Structure formats: C-alpha cells, structure tokens
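S.K.: Structure: input.txt, compact mmCIF, C-alpha atoms.
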# COMPACT_ATOMS: atom_id res chain seq x y z
CA MET G 840 9.11 19.31 -2.50
CA THR G 841 8.72 16.44 -0.04
CA VAL G 842 5.64 15.80 2.08
CA LYS G 843 7.82 16.44 5.12
CA GLU G 844 8.61 19.96 3.90
CA ILE G 845 4.92 20.64 3.28
CA VAL G 846 4.08 19.47 6.79
CA LYS G 847 6.65 21.94 8.13
CA ILE G 848 5.61 24.89 5.95
CA LEU G 849 1.88 24.52 6.68
CA ASP G 850 2.34 23.26 10.24
CA CYS G 851 0.22 20.20 9.36
CA ARG G 852 -1.06 17.39 11.45
CA VAL G 853 -0.40 14.05 9.75
CA LEU G 854 -3.46 11.77 9.87
CA THR G 855 -2.32 8.94 7.60
CA GLY G 856 0.82 8.00 5.71
CA GLU G 857 3.25 8.86 8.52
CA ARG G 858 5.77 6.63 6.81
CA ASN G 859 5.52 8.30 3.42
CA LEU G 860 6.78 11.71 4.50
CA ASP G 861 9.87 11.45 2.33
CA SER G 862 7.93 11.02 -0.90
CA GLU G 863 8.07 13.78 -3.48
CA VAL G 864 5.17 16.08 -4.37
CA LYS G 865 5.41 17.42 -7.92
CA ALA G 866 2.76 20.15 -8.00
CA GLY G 867 -0.03 21.75 -6.02
CA CYS G 868 -3.76 22.15 -6.55
CA GLY G 869 -6.11 24.07 -4.26
CA CYS G 870 -9.74 23.37 -5.06
CA ASP G 871 -13.12 22.52 -3.55
CA LEU G 872 -14.71 21.48 -6.83
CA MET G 873 -13.88 17.84 -7.44
CA SER G 874 -14.84 17.95 -11.11
CA ASP G 875 -12.26 20.69 -11.67
CA VAL G 876 -9.72 18.61 -9.78
CA LEU G 877 -10.52 15.56 -11.91
CA ALA G 878 -10.17 17.62 -15.07
CA PHE G 879 -6.86 19.28 -14.34
CA ILE G 880 -4.85 17.81 -11.50
CA LYS G 881 -1.56 16.10 -12.35
CA PRO G 882 -0.57 12.67 -11.04
CA GLY G 883 1.74 13.08 -8.06
CA ALA G 884 0.32 16.46 -7.01
CA ILE G 885 -0.98 17.49 -3.58
CA LEU G 886 -4.66 18.41 -3.33
CA LEU G 887 -5.49 21.19 -0.86
CA THR G 888 -9.21 21.32 -0.24
CA GLY G 889 -11.88 22.51 2.14
CA LEU G 890 -14.16 19.70 0.98
CA ASN G 891 -14.28 17.45 3.99
CA ASN G 892 -16.07 14.39 2.59
CA PRO G 893 -15.13 10.97 1.16
CA GLN G 894 -15.36 12.34 -2.39
CA ALA G 895 -12.14 14.28 -1.80
CA ILE G 896 -10.36 10.98 -1.15
CA ARG G 897 -12.08 9.20 -4.04
CA THR G 898 -11.07 12.05 -6.36
CA ALA G 899 -7.46 11.74 -5.22
CA GLU G 900 -7.61 7.97 -5.69
CA MET G 901 -8.97 8.19 -9.25
CA SER G 902 -6.46 10.81 -10.35
CA ASP G 903 -3.36 9.19 -8.81
CA VAL G 904 -2.92 11.94 -6.23
CA GLY G 905 -1.06 10.64 -3.19
CA VAL G 906 -1.42 13.54 -0.76
CA VAL G 907 -4.54 15.41 0.40
CA CYS G 908 -4.46 18.34 2.84
CA PHE G 909 -7.59 19.73 4.46
CA VAL G 910 -7.42 23.48 5.04
CA ARG G 911 -9.01 25.67 7.73
CA GLY G 912 -8.50 23.01 10.38
CA LYS G 913 -11.13 20.59 9.11
CA GLN G 914 -11.16 17.34 11.04
CA PRO G 915 -12.20 14.45 8.80
CA SER G 916 -14.36 11.56 10.02
CA GLU G 917 -12.95 8.17 10.97
CA GLU G 918 -14.51 6.67 7.80
CA LEU G 919 -12.72 9.21 5.65
CA ILE G 920 -9.40 8.53 7.37
CA ALA G 921 -9.90 4.79 6.91
CA LEU G 922 -10.65 5.31 3.21
CA ALA G 923 -7.44 7.31 2.82
CA ARG G 924 -5.43 4.65 4.60
CA GLU G 925 -6.96 1.88 2.50
CA ASN G 926 -5.93 3.68 -0.67
CA GLU G 927 -2.49 4.63 0.66
CA ILE G 928 -3.21 8.34 0.50
CA THR G 929 -1.33 10.61 2.88
CA LEU G 930 -3.81 12.79 4.74
CA LEU G 931 -2.84 16.12 6.31
CA THR G 932 -4.73 18.97 7.99
CA THR G 933 -3.63 22.55 8.44
CA SER G 934 -5.36 25.35 10.33
CA LEU G 935 -4.39 27.81 7.56
CA PRO G 936 -7.12 29.01 5.17
CA MET G 937 -6.90 27.90 1.52
CA PHE G 938 -5.33 31.06 0.08
CA ASP G 939 -2.67 31.27 2.78
CA ALA G 940 -1.79 27.57 2.50
CA CYS G 941 -1.49 27.70 -1.30
CA GLY G 942 0.50 30.94 -1.14
CA LYS G 943 2.98 29.53 1.33
CA LEU G 944 3.61 26.41 -0.75
CA TYR G 945 3.92 28.46 -3.96
CA THR G 946 6.42 30.92 -2.51
CA ASN G 947 8.43 27.96 -1.27
CA GLY G 948 8.73 26.67 -4.80
CA LEU G 949 5.81 24.29 -5.38
CA VAL G 950 4.28 24.94 -8.82
CA GLY G 951 0.66 24.80 -9.89
CA TRP G 952 -0.70 23.15 -13.00
CA SER G 953 -0.08 26.17 -15.28
CA GLU G 954 3.66 25.91 -14.68
CA TYR G 955 3.91 22.16 -14.23
CA LYS G 956 6.15 20.34 -16.68
CA GLU G 957 5.98 16.57 -17.01
CA MET E 1496 9.32 2.67 0.08
CA ILE E 1497 7.54 0.93 2.91
CA GLY E 1498 3.87 1.74 3.04
CA GLU E 1499 1.51 1.60 5.96
CA ARG E 1500 0.19 -1.72 4.71
CA ASP E 1501 3.67 -3.31 4.81
CA ILE E 1502 4.15 -2.24 8.41
CA THR E 1503 0.90 -3.85 9.50
CA LYS E 1504 1.98 -6.89 7.51
CA VAL E 1505 5.20 -7.14 9.53
CA GLN E 1506 3.24 -6.75 12.76
CA GLU E 1507 1.00 -9.56 11.62
CA LEU E 1508 3.95 -11.75 10.68
CA VAL E 1509 5.74 -11.52 14.04
CA TYR E 1510 2.63 -13.01 15.60
CA GLU E 1511 2.12 -15.55 12.87
CA MET E 1512 5.65 -16.85 12.38
CA LYS E 1513 7.39 -19.18 14.81
CA VAL E 1514 10.92 -19.02 16.14
CA GLU E 1515 11.86 -22.23 14.29
CA GLN E 1516 10.99 -20.63 10.95
CA VAL E 1517 13.79 -18.07 11.17
CA MET E 1518 16.37 -19.61 13.53
CA THR E 1519 19.71 -20.95 12.36
CA LYS E 1520 19.53 -24.73 12.42
CA ASP E 1521 23.18 -25.39 11.64
CA ILE E 1522 24.35 -25.13 15.19
CA ILE E 1523 28.00 -24.98 16.03
CA SER E 1524 28.32 -26.25 19.56
CA VAL E 1525 31.07 -27.32 21.96
CA SER E 1526 31.31 -29.99 24.60
CA PRO E 1527 31.55 -28.91 28.24
CA HIS E 1528 34.69 -31.05 28.49
CA SER E 1529 36.57 -29.21 25.75
CA LEU E 1530 39.18 -26.70 26.84
CA MET E 1531 38.79 -22.94 26.62
CA ILE E 1532 41.83 -22.79 24.31
CA GLU E 1533 39.89 -24.77 21.69
CA LEU E 1534 37.40 -21.94 21.48
CA ARG E 1535 39.95 -19.60 19.94
CA ASP E 1536 40.03 -21.19 16.50
CA LEU E 1537 36.33 -21.95 16.49
CA LEU E 1538 35.28 -18.36 17.21
CA ARG E 1539 37.78 -17.01 14.71
CA GLU E 1540 36.97 -19.45 11.94
CA LYS E 1541 33.22 -19.24 12.17
CA ARG E 1542 33.20 -15.52 12.96
CA ILE E 1543 30.80 -15.98 15.84
CA SER E 1544 30.80 -14.41 19.26
CA GLY E 1545 29.21 -17.16 21.31
CA VAL E 1546 28.66 -20.91 21.27
CA PRO E 1547 26.13 -23.13 23.00
CA VAL E 1548 27.60 -25.86 25.17
CA VAL E 1549 25.89 -29.21 24.52
CA ASP E 1550 26.18 -32.45 26.42
CA GLU E 1551 24.44 -35.48 24.85
CA GLY E 1552 22.02 -33.33 22.87
CA ARG E 1553 21.08 -31.18 25.85
CA LEU E 1554 22.01 -27.57 26.24
CA VAL E 1555 24.02 -27.13 29.42
CA GLY E 1556 25.47 -23.67 28.98
CA LEU E 1557 26.64 -20.86 26.75
CA VAL E 1558 30.18 -19.66 26.31
CA SER E 1559 30.99 -16.31 24.72
CA ILE E 1560 33.95 -14.43 23.37
CA GLU E 1561 33.93 -12.35 26.59
CA ASP E 1562 34.39 -15.51 28.66
CA PHE E 1563 37.31 -16.45 26.45
CA ILE E 1564 38.95 -13.01 26.76
CA LYS E 1565 38.56 -13.15 30.53
CA CYS E 1566 40.31 -16.52 30.63
CA LEU E 1567 43.02 -15.18 28.38
CA ALA E 1568 43.58 -12.21 30.68
CA GLU E 1569 43.76 -14.50 33.67
CA GLY E 1570 46.05 -16.94 31.87
CA GLU E 1571 43.67 -19.83 32.45
CA ILE E 1572 43.02 -21.07 28.94
CA ASP E 1573 43.68 -24.72 29.71
CA ILE E 1574 40.62 -25.24 31.87
CA PRO E 1575 37.46 -27.02 30.63
CA ILE E 1576 34.68 -24.91 29.20
CA LYS E 1577 32.22 -26.15 31.81
CA ASP E 1578 34.12 -24.19 34.43
CA ARG E 1579 33.72 -20.89 32.64
CA MET E 1580 30.42 -21.09 30.73
CA SER E 1581 27.26 -19.28 31.79
CA ILE E 1582 24.78 -21.73 33.18
CA ASN E 1583 21.61 -19.77 33.71
CA ILE E 1584 20.72 -19.26 30.11
CA LYS E 1585 17.56 -17.74 28.78
CA THR E 1586 16.24 -19.93 26.00
CA LEU E 1587 13.29 -19.85 23.64
CA TYR E 1588 11.10 -22.70 22.49
CA ASN E 1589 10.93 -23.66 18.82
CA ASN E 1590 7.18 -23.09 18.54
CA GLU E 1591 6.98 -19.72 20.27
CA PRO E 1592 5.77 -16.83 18.11
CA LEU E 1593 8.47 -14.46 16.87
CA VAL E 1594 6.99 -11.61 18.87
CA GLN E 1595 8.11 -13.46 22.01
CA ALA E 1596 11.68 -13.49 20.75
CA VAL E 1597 11.53 -9.81 19.84
CA GLU E 1598 10.34 -9.00 23.38
CA GLU E 1599 13.11 -11.08 24.95
CA PHE E 1600 15.80 -9.37 22.87
CA ASP E 1601 14.35 -6.05 23.94
CA ARG E 1602 14.06 -6.96 27.61
CA THR E 1603 17.45 -8.61 28.10
CA GLY E 1604 19.63 -6.88 25.53
CA TYR E 1605 21.22 -10.27 24.70
CA GLY E 1606 22.58 -10.95 21.24
CA ARG E 1607 21.33 -14.51 20.82
CA PHE E 1608 19.10 -17.16 22.34
CA PRO E 1609 19.45 -20.93 22.02
CA VAL E 1610 16.22 -22.55 20.83
CA ILE E 1611 14.99 -25.69 22.57
CA ASP E 1612 12.51 -28.19 21.18
CA ARG E 1613 9.57 -28.02 23.53
CA GLU E 1614 8.93 -31.77 23.41
CA SER E 1615 12.36 -33.36 23.36
CA GLY E 1616 14.12 -30.65 25.34
CA GLU E 1617 17.01 -30.78 22.87
CA LEU E 1618 18.86 -27.85 21.40
CA VAL E 1619 17.55 -27.38 17.85
CA GLY E 1620 18.76 -23.94 16.83
CA ILE E 1621 20.01 -20.51 17.71
CA ILE E 1622 18.31 -17.21 17.00
CA THR E 1623 19.73 -13.68 16.62
CA LYS E 1624 18.08 -10.36 15.76
CA GLY E 1625 19.60 -10.71 12.30
CA ASP E 1626 17.79 -14.04 11.84
CA ILE E 1627 14.47 -12.35 12.67
CA VAL E 1628 15.01 -9.52 10.20
CA ARG E 1629 16.14 -11.91 7.46
CA GLY E 1630 13.22 -14.25 8.14
CA LEU E 1631 10.66 -11.46 7.95
CA LEU E 1632 12.15 -9.99 4.78
CA LYS E 1633 12.16 -13.37 3.11
CA LYS E 1634 8.55 -14.01 4.03
CA ILE E 1635 7.47 -10.60 2.73
CA GLU E 1636 9.39 -11.22 -0.47
CA ILE E 1637 7.65 -14.57 -0.94
CA GLU E 1638 4.24 -12.99 -0.44
CA TYR E 1639 5.13 -10.13 -2.74
CA HIS E 1640 6.19 -12.64 -5.33
CA ALA E 1641 2.88 -14.46 -4.95
CA GLU E 1642 1.06 -11.18 -5.66
CA GLU E 1643 3.30 -10.63 -8.69
CA ILE E 1644 2.38 -14.06 -10.02
CA HIS E 1645 -1.25 -13.17 -9.44
CA ARG E 1646 -0.83 -10.04 -11.49
CA TYR E 1647 1.16 -11.84 -14.12
CA ARG E 1648 -1.59 -14.39 -14.57
CA ALA E 1649 -4.25 -11.70 -14.77
CA SER E 1650 -2.28 -9.74 -17.33
CA HIS E 1651 -1.79 -12.78 -19.51
CA PHE E 1652 -5.39 -13.80 -19.25
CA PHE E 1653 -6.19 -13.01 -22.85
CA GLU E 1654 -3.16 -14.83 -24.19
CA ASP E 1655 -4.10 -17.96 -22.28
CA ILE E 1656 -7.65 -18.11 -23.58
CA VAL E 1657 -8.17 -20.00 -26.80
CA ALA E 1658 -11.03 -18.36 -28.65
CA ASP E 1659 -11.67 -16.25 -31.71
CA LYS E 1660 -12.94 -13.42 -29.60
CA THR E 1661 -12.58 -12.88 -25.86
CA THR E 1662 -14.34 -10.27 -23.79
CA LEU E 1663 -14.09 -9.82 -20.05
CA ILE E 1664 -17.17 -8.28 -18.47
CA PHE E 1665 -17.36 -6.63 -15.06
CA GLN E 1666 -20.68 -5.38 -13.82
CA TYR E 1667 -21.35 -2.96 -10.97
CA LYS E 1668 -24.55 -1.67 -9.43
CA VAL E 1669 -24.69 1.99 -8.43
CA ILE E 1670 -27.11 3.07 -5.72
CA SER E 1671 -28.86 6.42 -5.90
CA LYS E 1672 -28.09 9.16 -3.35
CA ASP E 1673 -25.66 6.99 -1.39
CA PHE E 1674 -22.81 9.45 -1.04
CA ASN E 1675 -20.70 7.43 1.31
CA ARG E 1676 -20.45 4.58 -1.15
CA ALA E 1677 -20.28 6.78 -4.22
CA GLY E 1678 -17.00 6.02 -5.94
CA GLN E 1679 -16.84 2.37 -4.92
CA THR E 1680 -17.50 1.17 -8.44
CA SER E 1681 -14.77 3.31 -9.98
CA SER E 1682 -12.45 2.31 -7.16
CA GLY E 1683 -13.16 -1.39 -7.72
CA LEU E 1684 -12.72 -1.08 -11.47
CA LYS E 1685 -9.48 0.86 -11.08
CA LYS E 1686 -8.01 -1.76 -8.75
CA THR E 1687 -9.07 -4.55 -11.11
CA LEU E 1688 -7.50 -2.89 -14.14
CA ARG E 1689 -4.29 -2.31 -12.20
CA ARG E 1690 -4.18 -5.93 -11.23
CA MET E 1691 -4.62 -6.87 -14.88
CA GLY E 1692 -1.44 -4.98 -15.62
CA MET E 1693 -3.06 -2.24 -17.72
CA PRO E 1694 -0.93 0.85 -18.40
CA SER E 1695 -1.42 3.37 -15.59
CA LYS E 1696 -2.17 6.29 -17.92
CA VAL E 1697 -5.13 4.44 -19.40
CA ILE E 1698 -6.26 3.30 -15.96
CA ARG E 1699 -6.26 6.90 -14.73
CA ARG E 1700 -8.42 8.06 -17.66
CA VAL E 1701 -10.84 5.17 -17.20
CA ALA E 1702 -11.04 5.80 -13.45
CA ILE E 1703 -11.71 9.53 -13.78
CA ALA E 1704 -14.35 9.11 -16.51
CA THR E 1705 -16.09 6.26 -14.68
CA TYR E 1706 -16.03 8.19 -11.41
CA GLU E 1707 -17.69 11.23 -13.02
CA ALA E 1708 -20.31 8.97 -14.58
CA GLU E 1709 -20.85 7.14 -11.30
CA MET E 1710 -21.36 10.46 -9.50
CA ASN E 1711 -23.92 11.43 -12.14
CA ILE E 1712 -25.89 8.26 -11.41
CA VAL E 1713 -25.69 8.82 -7.64
CA VAL E 1714 -26.63 12.48 -7.85
CA PHE E 1715 -29.25 12.68 -10.60
CA THR E 1716 -30.88 9.28 -11.06
CA ASP E 1717 -32.71 6.54 -9.21
CA GLY E 1718 -29.74 4.24 -9.56
CA GLY E 1719 -28.12 2.38 -12.40
CA GLN E 1720 -25.54 -0.02 -13.63
CA ILE E 1721 -21.99 0.24 -14.86
CA THR E 1722 -20.62 -2.46 -17.14
CA ALA E 1723 -17.02 -2.68 -18.26
CA ARG E 1724 -16.21 -4.83 -21.30
CA ILE E 1725 -12.57 -5.52 -21.87
CA THR E 1726 -11.04 -6.97 -25.01
CA PRO E 1727 -7.38 -6.98 -26.02
CA GLN E 1728 -8.13 -3.92 -28.18
CA GLU E 1729 -10.28 -1.70 -25.99
CA ILE E 1730 -12.09 -1.01 -22.75
CA ARG E 1731 -15.73 -0.11 -23.18
CA ILE E 1732 -17.79 1.21 -20.28
CA ASP E 1733 -21.57 1.33 -20.42
CA ILE E 1734 -23.30 3.50 -17.85
CA VAL E 1735 -27.03 2.93 -17.85
CA ASP E 1736 -29.72 4.43 -15.62
CA SER E 1737 -33.49 4.40 -15.65
CA GLY E 1738 -34.26 8.06 -15.50
CA PRO E 1739 -35.05 10.92 -15.42
CA GLY E 1740 -33.07 11.49 -18.64
CA ILE E 1741 -31.33 14.55 -20.08
CA PRO E 1742 -33.65 17.01 -21.91
CA ASP E 1743 -30.93 18.83 -23.88
CA ILE E 1744 -27.77 16.82 -24.46
CA GLU E 1745 -26.01 19.61 -26.36
CA LYS E 1746 -26.43 21.93 -23.41
CA ALA E 1747 -25.38 19.24 -20.95
CA MET E 1748 -22.14 18.84 -22.84
CA GLN E 1749 -21.21 22.53 -22.46
CA PRO E 1750 -18.52 23.02 -19.83
CA GLY E 1751 -20.04 24.82 -16.86
CA PHE E 1752 -23.67 24.03 -17.66
CA SER E 1753 -25.26 22.43 -14.65
CA THR E 1754 -28.68 21.58 -13.33
CA ALA E 1755 -27.32 20.46 -9.98
CA PRO E 1756 -28.95 21.86 -6.84
CA ASP E 1757 -26.82 23.58 -4.18
CA TRP E 1758 -26.58 20.56 -1.91
CA ILE E 1759 -24.72 18.69 -4.63
CA ARG E 1760 -22.33 21.58 -5.13
CA GLU E 1761 -21.59 21.37 -1.43
CA LEU E 1762 -20.41 17.82 -2.06
CA GLY E 1763 -17.85 19.14 -4.52
CA PHE E 1764 -19.74 18.23 -7.66
CA GLY E 1765 -22.33 19.78 -9.93
CA ALA E 1766 -20.03 22.33 -11.53
CA GLY E 1767 -21.11 21.30 -15.00
CA MET E 1768 -17.78 19.68 -15.75
CA GLY E 1769 -18.80 16.03 -15.52
CA LEU E 1770 -19.72 15.18 -19.10
CA PRO E 1771 -17.01 17.40 -20.65
CA ASN E 1772 -14.52 15.65 -18.33
CA ILE E 1773 -15.72 12.23 -19.43
CA LYS E 1774 -15.40 13.23 -23.08
CA LYS E 1775 -11.90 14.57 -22.52
CA CYS E 1776 -10.72 11.36 -20.83
CA SER E 1777 -12.21 8.88 -23.28
CA ASP E 1778 -11.35 8.08 -26.88
CA GLN E 1779 -14.97 7.81 -27.88
CA MET E 1780 -18.19 8.81 -26.19
CA ASN E 1781 -21.81 8.19 -27.08
CA LEU E 1782 -24.64 9.70 -25.08
CA ASP E 1783 -28.22 8.58 -25.55
CA SER E 1784 -30.99 9.88 -23.40
CA THR E 1785 -34.76 9.92 -23.35
CA VAL E 1786 -36.60 12.03 -20.81
CA GLY E 1787 -38.67 9.82 -18.58
CA LYS E 1788 -36.84 6.69 -19.66
CA GLY E 1789 -33.21 7.05 -18.87
CA THR E 1790 -29.69 7.62 -20.11
CA HIS E 1791 -27.14 5.37 -21.74
CA LEU E 1792 -23.58 6.64 -21.78
CA GLU E 1793 -21.03 4.61 -23.66
CA ILE E 1794 -17.35 5.43 -23.40
CA THR E 1795 -14.48 3.64 -25.08
CA PHE E 1796 -10.76 3.62 -24.43
CA ASN E 1797 -8.41 2.25 -27.05
CA LEU E 1798 -5.68 -0.13 -26.06
CA ASN E 1799 -3.31 0.43 -28.95
CA GLU E 1800 -0.17 -1.57 -29.70
CA LYS E 1801 1.92 0.45 -27.31
CA MET E 1802 -0.57 0.23 -24.52
CA LYS E 1803 -1.97 -3.22 -24.94
CA LEU E 1804 -2.70 -5.59 -22.11
CA GLY E 1805 0.16 -6.93 -20.11
CA SER E 1806 2.58 -4.16 -20.96
CA GLY E 1807 2.48 -3.19 -17.30
CA ASN E 1808 2.35 0.15 -15.56
CA ASP E 1809 4.11 2.77 -17.56
CA SER E 1810 4.62 5.68 -15.21
Now, as a test, write the supplied structure out as structure tokens.

M.R.:
Amino acid sequence: MTVKEIVKILDCRVLTGERNLDSEVKAGCGCDLMSDVLAFIKPGAILLTGLNNPQAIRTAEMSDVGVVCFVRGKQPSEELIALARENEITLLTTSLPMFDACGKLYTNGLVGWSEYKE
Amino acid sequence: MIGERDITKVQELVYEMKVEQVMTKDIISVSPHSLMIELRDLLREKRISGVPVVDEGRLVGLVSIEDFIKCLAEGEIDIPIKDRMSINIKTLYNNEPLVQAVEEFDRTGYGRFPVIDRESGELVGIITKGDIVRGLLKKIEIEYHAEEIHRYRASHFFEDIVADKTTLIFQYKVISKDFNRAGQTSSGLKKTLRRMGMPSKVIRRVAIATYEAEMNIVVFTDGGQITARITPQEIRIDIVDSGPGIPDIEKAMQPGFSTAPDWIRELGFGAGMGLPNIKKCSDQMNLDSTVGKGTHLEITFNLNEKMKLGSGNDS
C-alpha cells in the first residue's frame, strides 16, 4: 500500500514528506507504547500512534520506520515536525481514533506484524 | 526518489549557481550581413531553433526558425538577416544567479536567452531551460559523489590504519530527565554507523538497543554516559550511570516488569520491555548494578564475516 493510499483511506493531513507519497508501506502497527513498537515493528511499516511527543519520531527513526500517523487529530509541535523532517520521516495526522484507523487500513489490505512476511 | 532534503538543495543551488556555470559556451552565431537563405542549412544541421546575430563580438539581434519560415512564406529568402532579426532582445548577464534566469523564462515564456559578459559586453553564451536542468543535475551528482567518497573513506577506515589492533571510540553524554533531547545519542550513533557503511540490519539492532538504554538513563538515573567501541569484529556499547542502581536484576529482566511511574508511561515508555528488548537486539549483554552506586550495561554486537565493515547497507 502506498502512503498516498493511506492518506486517502484515513483522510490524513500530510505534515512532512509531501514528496514521498508514492513510497510503499509494507505493514501497519498501531501502538502507544514505544518499547512494544521497538520490540516488534518491521522496517518499512507505518506507525499509528496517539503518543504525540518526540519519542514517537525517535522510535520510528531507530527502527527504520518511514511513516508515522498521529490518530485522534493530534497536532504535533513544530519541534516534533522539524525532527521528523530532519530524519526524512513522513508525518501524517488523521482525526480517526486508533481502532477505526487501524481497522480501515487492515480491511484495505495492509497487514500487521503477525501476518507480515519478509 | 527525491526527498525533501534534495528539493531544498535545488532551491539553494539556483541561488548559489551562476548563469555562466550552466550556459552553453559553444555559440553558433551568424553575421547580420549573411542572407536568410544561409540559415536553412545551419538550423537543420545543428538542430537548433534560433541563432544569435553577432557583429564584431557584440550581440546585435536574434534570428529564429519562425523568422526564417516567415521569409520563406513571403519568398524573401535572399535578404540579409539584419533586416529580419529581432532587435529588442532580452539577455542575461554571465554572473547573474540561476534563479534570475528561471524567473525570466517563467515571465517571458522564451526558449533561450543570450548571455552577455557584464564587463566586456560581449556575447559569451546562450542558456536554455534544458541547460539549467542539466547544470543542476550535474551539480547534485557531484555533491552526491562527494558524500559517497566520504562514506567510502569512513567504511575503509580500518583497512587504512596500520596497527595490530584498532578500536574506534565514540562517547556520548546523556542528561537526566531531558525528554526533548532523549534519543539524540542513539540518533547520532545510528547516523555515524550508517556513514561508516555498516550493514543496516546491524545498525537497526544497535540503534534500538542503545535507544532503550538511553531512555533508561534519562528516565531513571541522574545522567550517564554511553560509549561505543568499534573494532572490525564487533561493536561494543557501554552504558554507565551513577545511580540509583537496580535492586533485583532478575526481576528487571522479566518482560513486563516495571518500576516506572505513570508520568513515564505517558511518554510511551516504562512498560517493562526495555531490558528484554536490549537483550533481544544484542548478541551479548552484561548487566552490573549496585544500589546506591550505579549501573553498568554492556552490550555487544558481532560483525561476522558476512556483515563486516564496509560491506555496505544490505537491505
């Protein structure tokens, strides 16, 4: 699934990485606990999170995750956006709650880590 | 794929680069006294659609394929070029920034501009949109190449050093309770390892383990130090703090066991997964802790034959 498709399905606002919308997302992960994300997320996945702080971006950076989407309409700070831009992470926000956002992506064919095949 | 950074780079370059750096210097020109009929072969041979008209080094006009066709239609191909050329020509100076040229192309819709030397007033080149694109691409390629050389040198660092044993040491200070800067050390280390040409799978494991350890220092201690020691065989990371220490290491290693207060959980950490995560990512882990004194965590990552330095990113 491309970032562009995700933006359409979740009706996202694109905060950074406007030019990377054609890149491919391999799997999805919805989580507010960064340690869980660090333990299980696959490189090339999208991270959906309600955790609106720089650690969400750092976590994505460390685990080679190129796309982060904030759920429930969270508006990140300028510092956070700058951090995402610096690390070439595409940043999205959607007004959908976590469950709804994950559900929509899953029913449209994006797998989670239990079904992900390398 | 063009990233955000490349776009800003291009924006920077159009201000930085000058017209003369991208213009075509091999100018094909005609004399104002030549006849229009002579244009036919010139335009066809050189596959160009317009030619500057030069008299004793000075640009006096521009004659295009349209002018030629008009003459042809009117049956007046035996008249001198000076009678049919455009005289009021927009030109650019050699030392103007490229952005000026881009704006002029935009504003006028013209296909080309003659370039005049600001001092001598002589025609020195001709610039088209294609020249600008080619010039920018070439410059980006050169800079990209420079970065590649940089990386190449870093990745061959160990081979270039003559010694029985070589160790590279990077040291980072981690400040307690500074959540906005938390992660900077792991970020810096990750970028450094990437530049050294380490395999990306190893880098990812090092980055995740170091990040968890860094968060532990920020959250639980009064600050500490992270030291990375790199040899051709392994990466060893030492994470040292000066207290308060872990009372029961066995318990701390259990997934899900946590002593973190709620405010840390709100930051997305403190789920009791940190140390188990670090263990999972590393090839070897040693944890030493004395209550009241501090903790020393040592993690090692093997760089085996397949993954040794300089083999480049593998994913």

S.K.: If you take all atoms listed in the file and a cut-off of 8 Å, which residues of chain G touch chain E, and what are their nearest atom pairs and distances in Å to one decimal, in chain and number order, as JSON lines?

M.R.:
{"residue": "G:Gly856", "atom": "CA", "partner": "E:Glu1499", "partner_atom": "CA", "distance": 6.4}
{"residue": "G:Glu857", "atom": "CA", "partner": "E:Glu1499", "partner_atom": "CA", "distance": 7.9}
{"residue": "G:Arg858", "atom": "CA", "partner": "E:Gly1498", "partner_atom": "CA", "distance": 6.5}
{"residue": "G:Asn859", "atom": "CA", "partner": "E:Gly1498", "partner_atom": "CA", "distance": 6.8}
{"residue": "G:Asp871", "atom": "CA", "partner": "E:Gly1763", "partner_atom": "CA", "distance": 5.9}
{"residue": "G:Leu872", "atom": "CA", "partner": "E:Gly1763", "partner_atom": "CA", "distance": 4.5}
{"residue": "G:Met873", "atom": "CA", "partner": "E:Gly1763", "partner_atom": "CA", "distance": 5.1}
{"residue": "G:Ser874", "atom": "CA", "partner": "E:Met1768", "partner_atom": "CA", "distance": 5.8}
{"residue": "G:Asp875", "atom": "CA", "partner": "E:Met1768", "partner_atom": "CA", "distance": 6.9}
{"residue": "G:Leu877", "atom": "CA", "partner": "E:Ile1703", "partner_atom": "CA", "distance": 6.4}
{"residue": "G:Ala878", "atom": "CA", "partner": "E:Asn1772", "partner_atom": "CA", "distance": 5.8}
{"residue": "G:Leu890", "atom": "CA", "partner": "E:Gly1763", "partner_atom": "CA", "distance": 6.6}
{"residue": "G:Asn892", "atom": "CA", "partner": "E:Leu1762", "partner_atom": "CA", "distance": 7.2}
{"residue": "G:Pro893", "atom": "CA", "partner": "E:Asn1675", "partner_atom": "CA", "distance": 6.6}
{"residue": "G:Gln894", "atom": "CA", "partner": "E:Gly1678", "partner_atom": "CA", "distance": 7.4}
{"residue": "G:Ala895", "atom": "CA", "partner": "E:Gly1763", "partner_atom": "CA", "distance": 8.0}
{"residue": "G:Arg897", "atom": "CA", "partner": "E:Gly1678", "partner_atom": "CA", "distance": 6.2}
{"residue": "G:Thr898", "atom": "CA", "partner": "E:Ile1703", "partner_atom": "CA", "distance": 7.9}
{"residue": "G:Glu900", "atom": "CA", "partner": "E:Ser1682", "partner_atom": "CA", "distance": 7.6}
{"residue": "G:Met901", "atom": "CA", "partner": "E:Ala1702", "partner_atom": "CA", "distance": 5.3}
{"residue": "G:Ser902", "atom": "CA", "partner": "E:Arg1699", "partner_atom": "CA", "distance": 5.9}
{"residue": "G:Asp903", "atom": "CA", "partner": "E:Arg1699", "partner_atom": "CA", "distance": 7.0}
{"residue": "G:Arg924", "atom": "CA", "partner": "E:Glu1499", "partner_atom": "CA", "distance": 7.7}
{"residue": "G:Glu927", "atom": "CA", "partner": "E:Glu1499", "partner_atom": "CA", "distance": 7.3}

S.K.: When you draw a straight line from atom CA of Val1714 of chain E to atom CA of Gly867 of chain G, how long is it in Å?

M.R.: 28.2 Å

S.K.: Between atom CA of Pro1742 of chain E and atom CA of Asp1673 of chain E, what is the distance, to one decimal in Å?

M.R.: 24.2 Å

S.K.: Could you jot down the atom CA of Asp1659 of chain E to atom CA of Leu1798 of chain E separation for me, Å, one decimal place?

M.R.: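 Between atom CA of Asp1659 of chain E and atom CA of Leu1798 of chain E the gap is 18.1 Å.
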
S.K.: Could you tell me which of G:Thr855, G:Val907, G:Lys847, G:Gly869 comes closest to Glu925 of chain G if we count only C-alpha atoms?

M.R.: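 Once distances to Glu925 of chain G are computed over only C-alpha atoms, the minimum belongs to G:Thr855.
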
S.K.: When you count only C-alpha atoms, which of these residues is closest to Phe1665 of chain E: E:Thr1623, E:Ser1581, E:Thr1722, E:Thr1687?

M.R.: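 Between E:Thr1623, E:Ser1581, E:Thr1722, E:Thr1687, the residue approaching Phe1665 of chain E most closely is E:Thr1722.
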
S.K.: Take the point (-31.6, 10.9, -22.5) in the file's coordinates, draw a sphere of radius 9 Å around it, and report as a list in words every protein, DNA or RNA residue with an atom inside or on it, counting all atoms listed in the file.

M.R.: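 Using all atoms listed in the file, the matching residues come out as Gly1738, Pro1739, Gly1740, Ile1741, Pro1742, Asp1743, Ile1744, Leu1782, Asp1783, Ser1784, Thr1785, Val1786, Gly1787, Lys1788, Gly1789, Thr1790 and His1791 of chain E.
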
S.K.: With all atoms listed in the file as the basis for distance, which of G:Leu919, G:Pro882, G:Leu887, G:Lys943 is at the shortest distance from Val904 of chain G?

M.R.: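 Going through G:Leu919, G:Pro882, G:Leu887, G:Lys943 one by one, the smallest distance to Val904 of chain G is for G:Pro882.
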
S.K.: Which residue, G:Cys870, G:Met937, G:Ala884, G:Leu922, has the smallest gap to Leu949 of chain G when you use only C-alpha atoms?

M.R.: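 Distance minimum relative to Leu949 of chain G lands on G:Ala884.
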